[in-house]
file data07.pdb (PDB, C-alpha atoms)
MODEL        1
ATOM      1  CA  MET O   1      -3.478   9.044  -8.008
ATOM      2  CA  GLY O   2      -4.599  12.531  -7.098
ATOM      3  CA  LEU O   3      -5.910  13.547  -3.713
ATOM      4  CA  CYS O   4      -7.049  10.677  -1.500
ATOM      5  CA  VAL O   5      -9.306  11.389   1.478
ATOM      6  CA  VAL O   6     -11.240   9.222   3.903
ATOM      7  CA  MET O   7     -14.533  10.356   5.398
ATOM      8  CA  VAL O   8     -15.572   8.960   8.791
ATOM      9  CA  LEU O   9     -19.355   8.558   9.020
ATOM     10  CA  ASP O  10     -21.373   7.403  12.021
ATOM     11  CA  ASP O  11     -24.429   6.241  10.075
ATOM     12  CA  HIS O  12     -24.476   3.459   7.474
ATOM     13  CA  VAL O  13     -27.367   5.080   5.603
ATOM     14  CA  LYS O  14     -25.383   8.328   5.259
ATOM     15  CA  LEU O  15     -22.439   6.298   3.963
ATOM     16  CA  LEU O  16     -24.539   4.645   1.267
ATOM     17  CA  GLN O  17     -26.161   7.946   0.237
ATOM     18  CA  LEU O  18     -22.820   9.741   0.004
ATOM     19  CA  ARG O  19     -21.264   6.869  -1.949
ATOM     20  CA  ASP O  20     -24.150   6.911  -4.431
ATOM     21  CA  GLN O  21     -23.979  10.688  -4.835
ATOM     22  CA  LEU O  22     -20.196  10.627  -5.354
ATOM     23  CA  SER O  23     -20.380   7.771  -7.859
ATOM     24  CA  GLN O  24     -22.816   9.767 -10.016
ATOM     25  CA  LEU O  25     -20.414  12.712 -10.395
ATOM     26  CA  ARG O  26     -18.726  13.332 -13.730
ATOM     27  CA  PRO O  27     -15.832  12.752 -13.867
ATOM     28  CA  ALA O  28     -16.269   9.941 -11.372
ATOM     29  CA  PRO O  29     -13.642   9.404  -8.649
ATOM     30  CA  THR O  30     -10.962   6.850  -9.533
ATOM     31  CA  ALA O  31     -11.702   4.944  -6.315
ATOM     32  CA  LEU O  32     -14.704   4.996  -4.033
ATOM     33  CA  VAL O  33     -14.556   2.291  -1.351
ATOM     34  CA  ALA O  34     -16.863   1.886   1.630
ATOM     35  CA  VAL O  35     -15.147   0.290   4.628
ATOM     36  CA  GLY O  36     -16.783  -1.074   7.749
ATOM     37  CA  GLU O  37     -19.252  -3.615   8.996
ATOM     38  CA  GLY O  38     -21.142  -5.099   6.051
ATOM     39  CA  GLU O  39     -18.799  -3.391   3.568
ATOM     40  CA  THR O  40     -15.214  -3.930   2.421
ATOM     41  CA  PRO O  41     -12.897  -4.957   5.288
ATOM     42  CA  MET O  42     -10.103  -2.495   6.083
ATOM     43  CA  GLU O  43      -7.437  -5.182   5.539
ATOM     44  CA  ALA O  44      -8.473  -5.528   1.885
ATOM     45  CA  VAL O  45      -7.834  -1.865   0.992
ATOM     46  CA  GLU O  46      -4.155  -1.245   0.179
ATOM     47  CA  LEU O  47      -4.230   2.456   1.076
ATOM     48  CA  LEU O  48      -5.552   1.565   4.541
ATOM     49  CA  ASN O  49      -3.356  -1.496   5.130
ATOM     50  CA  PRO O  50       0.399  -0.852   5.445
ATOM     51  CA  ALA O  51       1.098  -4.607   5.323
ATOM     52  CA  LEU O  52      -0.327  -4.867   1.785
ATOM     53  CA  ALA O  53       1.742  -1.876   0.666
ATOM     54  CA  ARG O  54       4.864  -3.462   2.184
ATOM     55  CA  GLN O  55       4.173  -6.743   0.349
ATOM     56  CA  ARG O  56       3.780  -4.881  -2.941
ATOM     57  CA  ARG O  57       7.073  -3.039  -2.347
ATOM     58  CA  GLN O  58       8.814  -6.321  -1.514
ATOM     59  CA  ARG O  59       7.587  -7.986  -4.709
ATOM     60  CA  THR O  60       8.743  -5.001  -6.751
ATOM     61  CA  MET O  61      12.168  -4.950  -5.127
ATOM     62  CA  VAL O  62      12.722  -8.676  -5.487
ATOM     63  CA  ARG O  63      12.472  -8.328  -9.287
ATOM     64  CA  TRP O  64      15.722  -6.411  -9.455
ATOM     65  CA  LEU O  65      17.507  -7.433  -6.220
ATOM     66  CA  MET O  66      17.569 -11.170  -6.994
ATOM     67  CA  PRO O  67      19.155 -10.858 -10.476
ATOM     68  CA  PHE O  68      21.548  -8.197  -9.156
ATOM     69  CA  GLY O  69      22.464 -10.494  -6.246
ATOM     70  CA  PHE O  70      23.026 -13.417  -8.609
ATOM     71  CA  PHE O  71      25.420 -11.474 -10.824
ATOM     72  CA  ALA O  72      27.148  -9.910  -7.817
ATOM     73  CA  GLY O  73      27.704 -13.361  -6.252
ATOM     74  CA  LEU O  74      28.891 -14.766  -9.584
ATOM     75  CA  MET O  75      31.340 -11.882 -10.120
ATOM     76  CA  PHE O  76      32.585 -12.044  -6.542
ATOM     77  CA  SER O  77      33.368 -15.755  -6.964
ATOM     78  CA  LEU O  78      35.173 -15.124 -10.244
ATOM     79  CA  ILE O  79      37.142 -12.056  -9.109
ATOM     80  CA  THR O  80      38.373 -13.254  -5.714
ATOM     81  CA  ASN O  81      39.677 -16.680  -6.780
ATOM     82  CA  LEU O  82      38.550 -18.095  -3.445
ATOM     83  CA  ASP O  83      38.026 -21.853  -3.448
ATOM     84  CA  THR O  84      35.151 -21.906  -0.990
ATOM     85  CA  PHE O  85      33.156 -24.388  -3.059
ATOM     86  CA  ALA O  86      36.020 -26.175  -4.792
ATOM     87  CA  PHE O  87      34.082 -29.455  -4.769
ATOM     88  CA  ALA O  88      31.739 -27.992  -7.407
ATOM     89  CA  GLY O  89      34.516 -27.456  -9.938
ATOM     90  CA  PRO O  90      35.468 -24.381 -11.956
ATOM     91  CA  VAL O  91      31.952 -23.926 -13.381
ATOM     92  CA  GLY O  92      29.876 -24.897 -10.350
ATOM     93  CA  GLU O  93      31.738 -22.726  -7.848
ATOM     94  CA  PRO O  94      30.752 -19.367  -9.415
ATOM     95  CA  LEU O  95      27.205 -20.664  -9.907
ATOM     96  CA  ILE O  96      26.923 -21.511  -6.220
ATOM     97  CA  GLY O  97      28.226 -18.020  -5.430
ATOM     98  CA  GLY O  98      25.574 -16.589  -7.755
ATOM     99  CA  LEU O  99      22.824 -18.611  -6.090
ATOM    100  CA  LEU O 100      23.959 -17.419  -2.671
ATOM    101  CA  GLY O 101      23.959 -13.838  -3.962
ATOM    102  CA  MET O 102      20.469 -14.363  -5.341
ATOM    103  CA  GLY O 103      19.325 -15.581  -1.912
ATOM    104  CA  SER O 104      20.869 -12.484  -0.366
ATOM    105  CA  GLY O 105      18.918 -10.323  -2.817
ATOM    106  CA  TRP O 106      15.721 -12.116  -1.839
ATOM    107  CA  MET O 107      16.367 -11.524   1.887
ATOM    108  CA  GLY O 108      17.372  -7.921   1.160
ATOM    109  CA  SER O 109      14.040  -7.259  -0.537
ATOM    110  CA  PHE O 110      12.249  -8.096   2.726
ATOM    111  CA  ALA O 111      14.559  -5.887   4.784
ATOM    112  CA  ALA O 112      14.332  -2.978   2.340
ATOM    113  CA  ALA O 113      10.541  -3.175   2.056
ATOM    114  CA  ALA O 114      10.119  -3.291   5.836
ATOM    115  CA  SER O 115      12.420  -0.318   6.397
ATOM    116  CA  VAL O 116      10.146   2.104   4.508
ATOM    117  CA  THR O 117       7.563   3.722   6.734
ATOM    118  CA  SER O 118       4.503   5.481   5.453
ATOM    119  CA  GLU O 119       3.723   9.076   6.343
ATOM    120  CA  ALA O 120       0.096   8.076   6.786
ATOM    121  CA  ASP O 121       0.648   5.332   9.413
ATOM    122  CA  ASP O 122      -0.600   7.496  12.309
ATOM    123  CA  ARG O 123      -3.629   8.597  10.322
ATOM    124  CA  ILE O 124      -4.402   4.996   9.382
ATOM    125  CA  ARG O 125      -4.149   3.990  13.043
ATOM    126  CA  SER O 126      -6.686   6.682  13.990
ATOM    127  CA  LEU O 127      -8.987   5.509  11.189
ATOM    128  CA  ARG O 128      -8.717   1.928  12.454
ATOM    129  CA  ASN O 129      -9.710   3.170  15.933
ATOM    130  CA  ARG O 130     -12.724   5.006  14.472
ATOM    131  CA  LEU O 131     -13.732   1.826  12.646
ATOM    132  CA  GLU O 132     -13.506  -0.186  15.871
ATOM    133  CA  GLU O 133     -15.777   2.398  17.546
ATOM    134  CA  GLY O 134     -18.528   1.415  15.085
ATOM    135  CA  ASN O 135     -18.092   4.086  12.425
ATOM    136  CA  TRP O 136     -17.835   3.568   8.674
ATOM    137  CA  LEU O 137     -15.179   4.899   6.328
ATOM    138  CA  LEU O 138     -15.539   6.086   2.765
ATOM    139  CA  LEU O 139     -12.288   6.274   0.808
ATOM    140  CA  LEU O 140     -12.363   8.718  -2.087
ATOM    141  CA  ASP O 141      -9.487   8.896  -4.556
ATOM    142  CA  ALA O 142      -9.836  11.735  -7.047
ATOM    143  CA  ALA O 143      -8.048  11.734 -10.385
ATOM    144  CA  THR O 144      -5.039  13.985 -10.762
ATOM    145  CA  GLY O 145      -6.174  17.528 -11.452
ATOM    146  CA  GLU O 146      -9.765  16.872 -10.362
ATOM    147  CA  GLU O 147     -11.342  18.676  -7.438
ATOM    148  CA  ILE O 148     -12.878  16.856  -4.504
ATOM    149  CA  PRO O 149     -16.594  17.770  -4.108
ATOM    150  CA  TRP O 150     -16.151  19.317  -0.656
ATOM    151  CA  ASN O 151     -19.663  20.808  -0.555
ATOM    152  CA  LEU O 152     -21.255  17.416  -1.115
ATOM    153  CA  ILE O 153     -19.023  15.861   1.519
ATOM    154  CA  GLN O 154     -19.858  18.563   4.077
ATOM    155  CA  GLN O 155     -23.597  18.087   3.471
ATOM    156  CA  SER O 156     -23.281  14.505   4.697
ATOM    157  CA  ARG O 157     -21.863  15.775   8.007
ATOM    158  CA  PRO O 158     -18.873  13.422   8.376
ATOM    159  CA  ARG O 159     -17.331  13.029  11.825
ATOM    160  CA  ALA O 160     -13.906  13.565  10.291
ATOM    161  CA  VAL O 161     -12.195  13.920   6.927
ATOM    162  CA  VAL O 162      -8.644  12.538   6.799
ATOM    163  CA  ARG O 163      -6.248  13.288   3.965
ATOM    164  CA  LEU O 164      -4.182  10.176   3.190
ATOM    165  CA  ALA O 165      -2.198  10.919   0.072
ATOM    166  CA  GLU O 166      -1.632  13.640  -2.447
ATOM    167  CA  SER O 167       0.265  13.541  -5.706
TER     168      SER O 167
ENDMDL
END
call {"tool": "encode", "arguments": {"input": "data07.pdb", "output": "structure tokens"}}
result
Amino acid sequence: MGLCVVMVLDDHVKLLQLRDQLSQLRPAPTALVAVGEGETPMEAVELLNPALARQRRQRTMVRWLMPFGFFAGLMFSLITNLDTFAFAGPVGEPLIGGLLGMGSGWMGSFAAAASVTSEADDRIRSLRNRLEEGNWLLLLDAATGEEIPWNLIQQSRPRAVVRLAES
């Protein structure tokens, strides 16, 4: 991902014209998404929906936290010689400890994913307000090293241009 900007437009016709003009550029933008009434809903675009980004982070974290939790619970049961689950026998007791550790890793993935806040949350909130006022949004994600066609964007007279991300 390169530079990601969102243009706020007050006219649907201007939105469609700008989207068509930007899609014909070479090299084409990596993402060009129109958001608003009659277009893509804001909740479906990950860059504009912090909940989707949080879910993606949680799924990524669970891949390594659950196995780590299992082995940590297994090792804890073996190292401490506690007989918490003595009814399960010498093999079942560490396995129960591992399963409990795996459950802890699963819960930890939710807590860790929720604790990360995005720098763009305030900007996304203002974009959501603009969308509720009846405007349309055009998300443009340029490839790394590619310039954004600022002249073309300014010709369409957007109400605002919001920078979301830069890498």
call {"tool": "resolve_selection", "arguments": {"input": "data07.pdb", "expression": "the PyMOL selection byres ((chain O and resi 76) around 12)", "output": "list in words"}}
result
Phe68, Gly69, Phe70, Phe71, Ala72, Gly73, Leu74, Met75, Ser77, Leu78, Ile79, Thr80, Asn81, Leu82, Asp83, Thr84, Glu93, Pro94, Leu95, Ile96, Gly97, Gly98, Leu99, Leu100 and Gly101 of chain O
call {"tool": "residues_around", "arguments": {"input": "data07.pdb", "residues": "segment 138-141 of chain O", "least_positions_apart": "2", "cutoff": "10 Å", "atoms": "only C-alpha atoms", "output": "ChimeraX atom specification"}}
result
/O:1-9,15-16,18-19,22-23,28-36,45,47-48,136,143-144,146,148,158,161-166
call {"tool": "residues_around", "arguments": {"input": "data07.pdb", "residues": "Arg59 of chain O", "least_positions_apart": "4", "cutoff": "8 Å", "atoms": "all atoms listed in the file", "output": "number ranges by chain"}}
result
O: 55, 63, 109
call {"tool": "atom_distance", "arguments": {"input": "data07.pdb", "atom1": "atom CA of Met66 of chain O", "atom2": "atom CA of Ala44 of chain O"}}
result
28.1 Å
call {"tool": "closest_residue", "arguments": {"input": "data07.pdb", "among": "O:Val62, O:Leu152, O:Val91, O:Met42", "to": "Ile124 of chain O", "atoms": "all atoms listed in the file"}}
result
O:Met42
call {"tool": "closest_residue", "arguments": {"input": "data07.pdb", "among": "O:Ala160, O:Val13, O:Ala111, O:Leu127", "to": "Gly38 of chain O", "atoms": "all atoms listed in the file"}}
result
O:Val13
call {"tool": "closest_residue", "arguments": {"input": "data07.pdb", "among": "O:Trp106, O:Gln24, O:Glu147, O:Ala113", "to": "Arg54 of chain O", "atoms": "only C-alpha atoms"}}
result
O:Ala113
call {"tool": "atom_distance", "arguments": {"input": "data07.pdb", "atom1": "atom CA of Pro149 of chain O", "atom2": "atom CA of Ala53 of chain O"}}
result
27.3 Å
call {"tool": "closest_residue", "arguments": {"input": "data07.pdb", "among": "O:Gln17, O:Met102, O:Val116, O:His12", "to": "Arg57 of chain O", "atoms": "only C-alpha atoms"}}
result
O:Val116
call {"tool": "atom_distance", "arguments": {"input": "data07.pdb", "atom1": "atom CA of Ala88 of chain O", "atom2": "atom CA of Gly108 of chain O"}}
result
26.1 Å
call {"tool": "closest_residue", "arguments": {"input": "data07.pdb", "among": "O:Ser126, O:Asp121, O:Gln154, O:Phe110", "to": "Arg56 of chain O", "atoms": "all atoms listed in the file"}}
result
O:Phe110
call {"tool": "resolve_selection", "arguments": {"input": "data07.pdb", "expression": "the PyMOL selection byres ((chain O and resi 132-134) around 8)", "output": "ChimeraX atom specification"}}
result
/O:10,36-37,128-131,135-136
call {"tool": "write_last_selection", "arguments": {"input": "data07.pdb", "atoms": "C-alpha atoms", "output": "PDB file, keeping the file's coordinate frame"}}
result
ATOM      1  CA  ASP O  10     -21.373   7.403  12.021  1.00  0.00           C
ATOM      2  CA  GLY O  36     -16.783  -1.074   7.749  1.00  0.00           C
ATOM      3  CA  GLU O  37     -19.252  -3.615   8.996  1.00  0.00           C
ATOM      4  CA  ARG O 128      -8.717   1.928  12.454  1.00  0.00           C
ATOM      5  CA  ASN O 129      -9.710   3.170  15.933  1.00  0.00           C
ATOM      6  CA  ARG O 130     -12.724   5.006  14.472  1.00  0.00           C
ATOM      7  CA  LEU O 131     -13.732   1.826  12.646  1.00  0.00           C
ATOM      8  CA  ASN O 135     -18.092   4.086  12.425  1.00  0.00           C
ATOM      9  CA  TRP O 136     -17.835   3.568   8.674  1.00  0.00           C
TER      10      TRP O 136
END
